[in-house]
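Structure file protein_35.tsv (TSV, C-alpha atoms and all ligand atoms) is printed below.
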```
chain	number	residue	atom	x	y	z
A	284	MET	CA	116.01	110.10	152.97
A	285	MET	CA	113.99	108.90	149.95
A	286	SER	CA	114.52	105.26	149.17
A	287	ARG	CA	115.81	104.44	145.73
A	288	PRO	CA	113.07	103.40	143.30
A	289	GLU	CA	113.11	99.76	142.30
A	290	ARG	CA	114.98	99.01	139.10
A	291	ILE	CA	112.74	99.25	136.03
A	292	ARG	CA	112.87	96.24	133.74
A	293	LEU	CA	113.57	96.69	130.05
A	294	GLY	CA	111.42	94.86	127.51
A	295	VAL	CA	112.91	95.18	124.03
A	296	ASN	CA	110.32	95.28	121.26
A	297	ILE	CA	111.91	93.71	118.16
A	298	ASP	CA	109.01	94.23	115.70
A	299	HIS	CA	110.95	96.73	113.61
A	300	CYS	CA	113.72	94.24	112.95
A	301	ALA	CA	111.03	92.19	111.23
A	302	THR	CA	109.72	95.33	109.50
A	303	LEU	CA	113.13	95.69	107.86
A	304	ARG	CA	113.14	92.02	106.85
A	305	MET	CA	109.68	92.32	105.30
A	306	ALA	CA	110.73	95.41	103.35
A	307	ARG	CA	112.82	93.03	101.23
A	308	TYR	CA	111.30	89.57	101.72
A	309	ARG	CA	107.51	89.99	101.86
A	310	GLY	CA	105.94	87.15	99.90
A	311	TYR	CA	109.03	84.91	100.02
A	312	PRO	CA	108.23	81.28	100.84
A	313	ARG	CA	110.81	81.15	103.66
A	314	LEU	CA	111.36	84.03	106.05
A	315	ARG	CA	114.05	82.39	108.14
A	316	GLY	CA	117.48	81.01	107.28
A	317	GLU	CA	120.87	82.33	106.20
A	318	MET	CA	119.49	84.06	103.08
A	319	VAL	CA	117.02	86.23	104.96
A	320	GLU	CA	118.21	89.32	106.82
A	321	PRO	CA	117.83	90.63	109.43
A	322	ASP	CA	116.76	87.73	111.64
A	323	PRO	CA	114.58	88.96	114.54
A	324	VAL	CA	115.25	85.84	116.60
A	325	ALA	CA	119.01	86.37	116.37
A	326	LEU	CA	118.47	90.01	117.37
A	327	ALA	CA	116.39	88.97	120.38
A	328	LEU	CA	119.18	86.65	121.53
A	329	GLU	CA	121.72	89.47	121.25
A	330	ALA	CA	119.40	91.72	123.28
A	331	GLU	CA	119.10	88.98	125.88
A	332	ARG	CA	122.90	88.69	126.11
A	333	ALA	CA	123.11	92.47	126.54
A	334	GLY	CA	120.86	92.39	129.60
A	335	ALA	CA	117.32	92.87	128.28
A	336	ASP	CA	114.80	91.65	130.85
A	337	GLY	CA	112.25	90.57	128.27
A	338	ILE	CA	111.44	90.52	124.56
A	339	THR	CA	108.20	91.88	123.12
A	340	VAL	CA	106.65	91.02	119.77
A	341	HIS	CA	103.34	91.78	118.10
A	342	PRO	CA	102.22	89.23	115.51
A	343	ARG	CA	99.60	91.29	113.69
A	344	GLU	CA	96.71	90.04	111.62
A	345	ASP	CA	98.19	91.75	108.55
A	346	GLY	CA	101.58	90.03	109.11
A	347	ARG	CA	103.38	93.30	108.51
A	348	HIS	CA	106.39	92.43	110.66
A	349	ILE	CA	106.65	89.56	113.17
A	350	GLN	CA	105.25	86.25	111.88
A	351	GLN	CA	103.72	83.47	113.95
A	352	GLU	CA	106.67	81.21	113.07
A	353	ASP	CA	109.04	83.83	114.57
A	354	VAL	CA	107.04	83.71	117.80
A	355	ARG	CA	107.25	79.91	117.95
A	356	GLU	CA	111.01	80.06	117.42
A	357	LEU	CA	111.43	82.75	120.08
A	358	ARG	CA	109.40	80.78	122.59
A	359	GLY	CA	111.71	77.81	122.17
A	360	THR	CA	114.93	79.81	122.28
A	361	LEU	CA	114.71	82.69	124.76
A	362	GLN	CA	115.61	82.34	128.42
A	363	ILE	CA	114.06	85.69	129.38
A	364	PRO	CA	110.28	86.25	129.38
A	365	LEU	CA	108.44	86.64	126.09
A	366	ASN	CA	105.69	89.27	126.07
A	367	MET	CA	103.32	88.86	123.15
A	368	GLU	CA	101.17	91.79	122.11
A	369	MET	CA	97.90	90.72	120.57
A	370	ALA	CA	94.54	91.85	119.32
A	371	VAL	CA	91.56	90.73	121.40
A	372	THR	CA	90.27	88.05	119.03
A	373	PRO	CA	89.44	84.37	119.48
A	374	ALA	CA	92.18	83.47	116.95
A	375	MET	CA	94.86	85.34	118.90
A	376	VAL	CA	93.69	83.93	122.23
A	377	ALA	CA	94.04	80.44	120.71
A	378	PHE	CA	97.52	81.29	119.39
A	379	ALA	CA	98.59	82.61	122.82
A	380	ARG	CA	97.38	79.41	124.44
A	381	GLU	CA	99.50	77.43	121.99
A	382	ILE	CA	102.60	79.58	122.52
A	383	GLN	CA	102.27	80.10	126.29
A	384	PRO	CA	104.15	83.41	126.44
A	385	HIS	CA	105.02	84.71	129.89
A	386	THR	CA	102.62	87.63	129.38
A	387	VAL	CA	100.32	88.89	126.70
A	388	CYS	CA	99.66	92.56	126.20
A	389	MET	CA	96.27	93.22	124.63
A	390	VAL	CA	96.40	96.07	122.14
A	391	PRO	CA	93.94	97.57	119.65
A	392	GLU	CA	94.32	96.66	115.98
A	393	LYS	CA	91.14	98.11	114.50
A	394	ARG	CA	89.88	101.69	114.65
A	395	ALA	CA	86.79	100.71	116.63
A	396	GLU	CA	88.92	99.34	119.48
A	397	VAL	CA	91.04	102.47	119.85
A	398	THR	CA	90.47	105.20	122.45
A	399	THR	CA	91.10	108.87	121.70
A	400	GLU	CA	94.84	108.60	122.32
A	401	GLY	CA	95.27	105.13	120.87
A	402	GLY	CA	95.11	102.72	123.81
A	403	LEU	CA	92.76	99.74	124.01
A	404	ASP	CA	89.22	100.80	124.92
A	405	VAL	CA	88.84	98.35	127.80
A	406	ALA	CA	85.88	100.21	129.24
A	407	GLY	CA	84.10	100.19	125.85
A	408	GLN	CA	84.62	96.50	125.06
A	409	TYR	CA	84.75	95.20	128.58
A	410	ASP	CA	83.18	91.78	128.04
A	411	ALA	CA	85.52	90.76	125.22
A	412	VAL	CA	88.61	91.89	127.14
A	413	ALA	CA	87.59	90.38	130.48
A	414	GLY	CA	86.73	87.11	128.69
A	415	ALA	CA	90.18	86.96	127.04
A	416	VAL	CA	91.94	87.74	130.34
A	417	LYS	CA	90.01	84.93	132.02
A	418	ALA	CA	90.70	82.40	129.25
A	419	LEU	CA	94.43	83.10	129.35
A	420	ALA	CA	94.59	83.11	133.17
A	421	ALA	CA	93.23	79.56	133.10
A	422	ASP	CA	96.48	78.63	131.28
A	423	GLY	CA	98.64	80.61	133.72
A	424	ILE	CA	99.29	83.44	131.24
A	425	HIS	CA	99.38	86.92	132.76
A	426	SER	CA	97.56	89.67	130.90
A	427	SER	CA	98.57	93.27	130.46
A	428	LEU	CA	96.22	95.84	128.91
A	429	PHE	CA	97.67	98.67	126.82
A	430	ILE	CA	95.59	101.69	127.86
A	431	ASP	CA	95.61	105.45	127.82
A	432	PRO	CA	96.46	106.98	131.20
A	433	GLU	CA	92.77	107.55	131.98
A	434	LYS	CA	90.94	106.80	135.23
A	435	ASN	CA	88.06	104.91	133.60
A	436	GLN	CA	90.43	102.69	131.60
A	437	VAL	CA	92.58	101.92	134.65
A	438	GLU	CA	89.48	101.00	136.64
A	439	ALA	CA	88.11	98.82	133.83
A	440	ALA	CA	91.48	97.01	133.62
A	441	ALA	CA	91.40	96.28	137.35
A	442	ARG	CA	87.80	95.03	137.11
A	443	ALA	CA	88.79	92.77	134.20
A	444	ASP	CA	91.34	91.16	136.53
A	445	ALA	CA	94.39	91.99	134.44
A	446	ALA	CA	97.72	91.58	136.24
A	447	PHE	CA	99.29	94.58	134.46
A	448	VAL	CA	98.42	97.71	132.61
A	449	GLU	CA	100.80	99.18	130.08
A	450	LEU	CA	100.27	102.92	130.06
A	451	HIS	CA	100.42	104.42	126.56
A	452	THR	CA	103.23	106.97	126.57
A	453	GLY	CA	102.62	108.18	123.00
A	454	ALA	CA	100.96	111.46	123.99
A	455	TYR	CA	103.74	112.10	126.52
A	456	ALA	CA	106.42	111.41	123.91
A	457	ASN	CA	104.74	113.52	121.23
A	458	SER	CA	104.38	116.52	123.54
A	459	TYR	CA	107.83	116.25	125.12
A	460	TYR	CA	109.14	119.53	123.75
A	461	THR	CA	105.82	121.40	123.97
A	462	GLU	CA	103.88	123.19	126.71
A	463	GLU	CA	101.68	120.13	127.20
A	464	GLY	CA	104.66	117.93	128.08
A	465	GLU	CA	104.42	118.43	131.83
A	466	GLU	CA	100.65	117.84	131.88
A	467	GLU	CA	101.08	114.59	129.93
A	468	LYS	CA	103.65	113.44	132.46
A	469	GLU	CA	101.22	114.29	135.28
A	470	ARG	CA	98.50	112.25	133.56
A	471	LEU	CA	100.88	109.28	133.53
A	472	VAL	CA	101.71	109.81	137.20
A	473	ARG	CA	98.02	109.96	138.21
A	474	ALA	CA	97.24	106.79	136.26
A	475	LEU	CA	100.34	105.06	137.64
A	476	LEU	CA	99.36	105.81	141.25
A	477	HIS	CA	95.74	104.86	140.71
A	478	ALA	CA	96.66	101.59	139.02
A	479	ARG	CA	99.06	100.70	141.83
A	480	GLU	CA	96.36	101.46	144.43
A	481	LEU	CA	94.09	99.01	142.60
A	482	GLY	CA	96.76	96.30	142.79
A	483	LEU	CA	97.91	96.45	139.16
A	484	LYS	CA	101.53	96.27	138.10
A	485	VAL	CA	102.36	99.13	135.76
A	486	ASN	CA	104.36	99.02	132.54
A	487	MET	CA	104.82	101.85	130.08
A	488	GLY	CA	105.47	101.93	126.37
A	489	HIS	CA	105.26	103.60	122.97
A	490	GLY	CA	107.50	106.39	121.77
A	491	ILE	CA	109.96	106.18	124.68
A	492	ASN	CA	113.48	107.16	123.64
A	493	TYR	CA	116.90	107.89	125.16
A	494	VAL	CA	115.89	111.50	125.92
A	495	ASN	CA	112.28	111.38	127.07
A	496	VAL	CA	112.93	108.35	129.29
A	497	ARG	CA	114.77	110.49	131.81
A	498	PRO	CA	111.81	112.14	133.61
A	499	LEU	CA	110.06	108.76	133.72
A	500	SER	CA	113.10	107.11	135.28
A	501	PHE	CA	112.56	109.02	138.52
A	502	LEU	CA	108.85	108.28	139.01
A	503	GLY	CA	109.13	105.02	140.95
A	504	GLY	CA	106.56	102.26	140.82
A	505	ILE	CA	107.05	101.32	137.15
A	506	TYR	CA	107.60	97.61	136.63
A	507	GLU	CA	108.76	97.57	133.00
A	508	MET	CA	109.14	99.75	129.94
A	509	ASN	CA	108.67	98.28	126.46
A	510	ILE	CA	110.83	100.08	123.96
A	511	GLY	CA	111.38	99.28	120.30
A	512	HIS	CA	111.91	101.98	117.71
A	513	SER	CA	114.47	104.02	119.60
A	514	ILE	CA	116.63	101.05	120.58
A	515	LEU	CA	116.61	99.55	117.09
A	516	SER	CA	117.40	102.95	115.57
A	517	ARG	CA	120.40	103.40	117.83
A	518	ALA	CA	121.50	99.83	117.15
A	519	LEU	CA	122.06	100.77	113.49
A	520	PHE	CA	124.98	102.88	114.65
A	521	CYS	CA	126.38	101.09	117.69
A	522	GLY	CA	124.94	97.57	117.59
A	523	ILE	CA	122.09	96.08	119.58
A	524	ARG	CA	124.19	95.14	122.60
A	525	GLU	CA	125.35	98.71	123.22
A	526	ALA	CA	121.90	100.12	122.47
A	527	VAL	CA	120.27	97.81	125.05
A	528	ARG	CA	122.98	98.37	127.65
A	529	GLU	CA	122.65	102.14	127.37
A	530	MET	CA	118.86	102.18	127.59
A	531	ALA	CA	118.84	99.86	130.60
A	532	LEU	CA	121.08	102.36	132.41
A	533	ARG	CA	119.28	105.52	131.28
A	534	MET	CA	115.81	104.29	132.13
A	535	ASN	CA	117.07	103.75	135.65
A	536	GLY	CA	118.55	107.25	135.93
A	537	GLU	CA	122.13	106.05	135.72
A	538	PRO	CA	124.82	107.59	133.53
A	539	ALA	CA	125.33	105.57	130.35
B	1	LIG	N1	104.16	99.03	123.74
B	1	LIG	C1	103.16	98.72	122.89
B	1	LIG	C2	101.88	98.21	123.45
B	1	LIG	C3	103.33	98.84	121.50
B	1	LIG	O1	102.33	98.52	120.67
B	1	LIG	C4	104.58	99.29	121.02
B	1	LIG	C5	104.81	99.39	119.55
B	1	LIG	O2	104.07	100.37	118.98
B	1	LIG	C6	105.58	99.62	121.93
B	1	LIG	C7	105.34	99.48	123.29
B	1	LIG	C8	106.93	100.10	121.48
B	1	LIG	O3	106.83	101.36	120.91
B	1	LIG	P1	108.10	102.03	120.26
B	1	LIG	O4	108.51	101.20	119.09
B	1	LIG	O5	107.64	103.40	119.89
B	1	LIG	O6	109.18	102.04	121.32
```

Give the structure from this file in structure tokens form.
Amino acid sequence: MMSRPERIRLGVNIDHCATLRMARYRGYPRLRGEMVEPDPVALALEAERAGADGITVHPREDGRHIQQEDVRELRGTLQIPLNMEMAVTPAMVAFAREIQPHTVCMVPEKRAEVTTEGGLDVAGQYDAVAGAVKALAADGIHSSLFIDPEKNQVEAAARADAAFVELHTGAYANSYYTEEGEEEKERLVRALLHARELGLKVNMGHGINYVNVRPLSFLGGIYEMNIGHSILSRALFCGIREAVREMALRMNGEPA
């Protein structure tokens, strides 16, 4: 009999809550407080109460959604792990060392850092990435690298001594209802197995929703999925607690 795959953890990406806030309050002197809705920190706490295993945020250089002050507040408030996505820059490495998130996930922010599908080009900018991983490891911060499901990127991530890779599921999600869907899933499976063989823990993220999560839920060997847009979209109708509860069940192949 096949053993049951280990439960996949759910990281809730709350960036789009801040996107909504900035749609009204960009340029305001204060972005927190009773006047300013919606509050991403309050949303994160609701997600935590609903059973999220972690919260993910991406303070971007252009400040388009999550702000550094949100990250500071989250770090002091959350009980569950905080995963901070970041560009590979000295300024962001310094900010991560100040915040001490549980993990960082290094992502591309500029065109030159992006691979064909949109993951971080670890192989192409190996020294910068490996240097950032090393600097953060010295502070006990685990690094995850957001990469396309490609052999050379997986191998570069392992060489750079990252603890995790986060496999970019965008191409899988975009091709879900097309002929390429199955091949994109197979690419993820090959990268997942290869990464595990090399001792990496494997997360997945980008474009995962309540429908396309199902085939992934049966793969086994996935540590965590980071999901934002779909959960926040559903929360508009049923509230964040129900949206989180339902995804946590579905991503583990259970009826919601
Ligand atoms: N993982 C990473 C590395 C991301 O940058 C994002 C946001 O684009 C996500 C996961 C979540 O993607 P989505 O909002 O499509 O669920």

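If you measure from each of A:Arg470, A:Arg343, A:Arg497, A:His385 to ligand LIG 1 (chain B) using only C-alpha atoms and all ligand atoms, the closest one turns out to be A:Arg343.
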
(message) Which residues are near ligand LIG 1 (chain B) - at most 7 Å, using only C-alpha atoms and all ligand atoms? Format: as a count of residues only.
(response) 16

(message) Considering all atoms listed in the file, can you say which of A:Thr399, A:Asn486, A:Gln362, A:Gln350 comes closest to A:Arg332?
(response) A:Gln362

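Residues in contact range of stretch 408-425 of chain A, defined as at most 8 Å between only C-alpha atoms, with sequence neighbours fewer than 6 positions away removed, read Val371, Val376, Ala379, Arg380, Gln383, Pro384, His385, Thr386, Val387, Glu396, Ala439, Ala443, Asp444, Ala445, Ala446 and Phe447 of chain A.
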
(request) Would you be able to write out as a list in words which residues have an atom within 9 Å of (108.2, 111.9, 125.4) in the file's coordinates, counting only C-alpha atoms? (result)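 Checked against the point, the hits come out as Thr452, Gly453, Ala454, Tyr455, Ala456, Asn457, Ser458, Tyr459, Tyr460, Gly464, Glu467, Lys468, Gly490, Ile491, Asn492, Val494, Asn495, Val496 and Pro498 of chain A.
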
Selected residues, C-alpha atoms, written as a PDB file, in the frame of the given file, please.
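again_25.pdb, freshly written:
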```
ATOM      1  CA  THR A 452     103.230 106.970 126.570  1.00  0.00           C
ATOM      2  CA  GLY A 453     102.620 108.180 123.000  1.00  0.00           C
ATOM      3  CA  ALA A 454     100.960 111.460 123.990  1.00  0.00           C
ATOM      4  CA  TYR A 455     103.740 112.100 126.520  1.00  0.00           C
ATOM      5  CA  ALA A 456     106.420 111.410 123.910  1.00  0.00           C
ATOM      6  CA  ASN A 457     104.740 113.520 121.230  1.00  0.00           C
ATOM      7  CA  SER A 458     104.380 116.520 123.540  1.00  0.00           C
ATOM      8  CA  TYR A 459     107.830 116.250 125.120  1.00  0.00           C
ATOM      9  CA  TYR A 460     109.140 119.530 123.750  1.00  0.00           C
ATOM     10  CA  GLY A 464     104.660 117.930 128.080  1.00  0.00           C
ATOM     11  CA  GLU A 467     101.080 114.590 129.930  1.00  0.00           C
ATOM     12  CA  LYS A 468     103.650 113.440 132.460  1.00  0.00           C
ATOM     13  CA  GLY A 490     107.500 106.390 121.770  1.00  0.00           C
ATOM     14  CA  ILE A 491     109.960 106.180 124.680  1.00  0.00           C
ATOM     15  CA  ASN A 492     113.480 107.160 123.640  1.00  0.00           C
ATOM     16  CA  VAL A 494     115.890 111.500 125.920  1.00  0.00           C
ATOM     17  CA  ASN A 495     112.280 111.380 127.070  1.00  0.00           C
ATOM     18  CA  VAL A 496     112.930 108.350 129.290  1.00  0.00           C
ATOM     19  CA  PRO A 498     111.810 112.140 133.610  1.00  0.00           C
TER      20      PRO A 498
END
```

(request) Could you please determine the separation between atom CA of A:Arg292 and atom CA of A:Asp336 in Å, to one decimal place? (result)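 Interatomic distance here is 5.8 Å.
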
Listed atoms of stretch 526-529 of chain A boxed axis-aligned with 3 Å per side, centre + edges as JSON:
```
{"center_x": 121.6, "center_y": 100.0, "center_z": 125.1, "size_x": 8.7, "size_y": 10.3, "size_z": 11.2}
```

(message) Taking 6 positions as the minimum chain separation for residues in the same chain, which residues sit within 10 Å of A:Glu537 when counting all atoms listed in the file? Answer as JSON, numbers by chain.
(response) {"A": [497, 500, 529, 530, 531]}
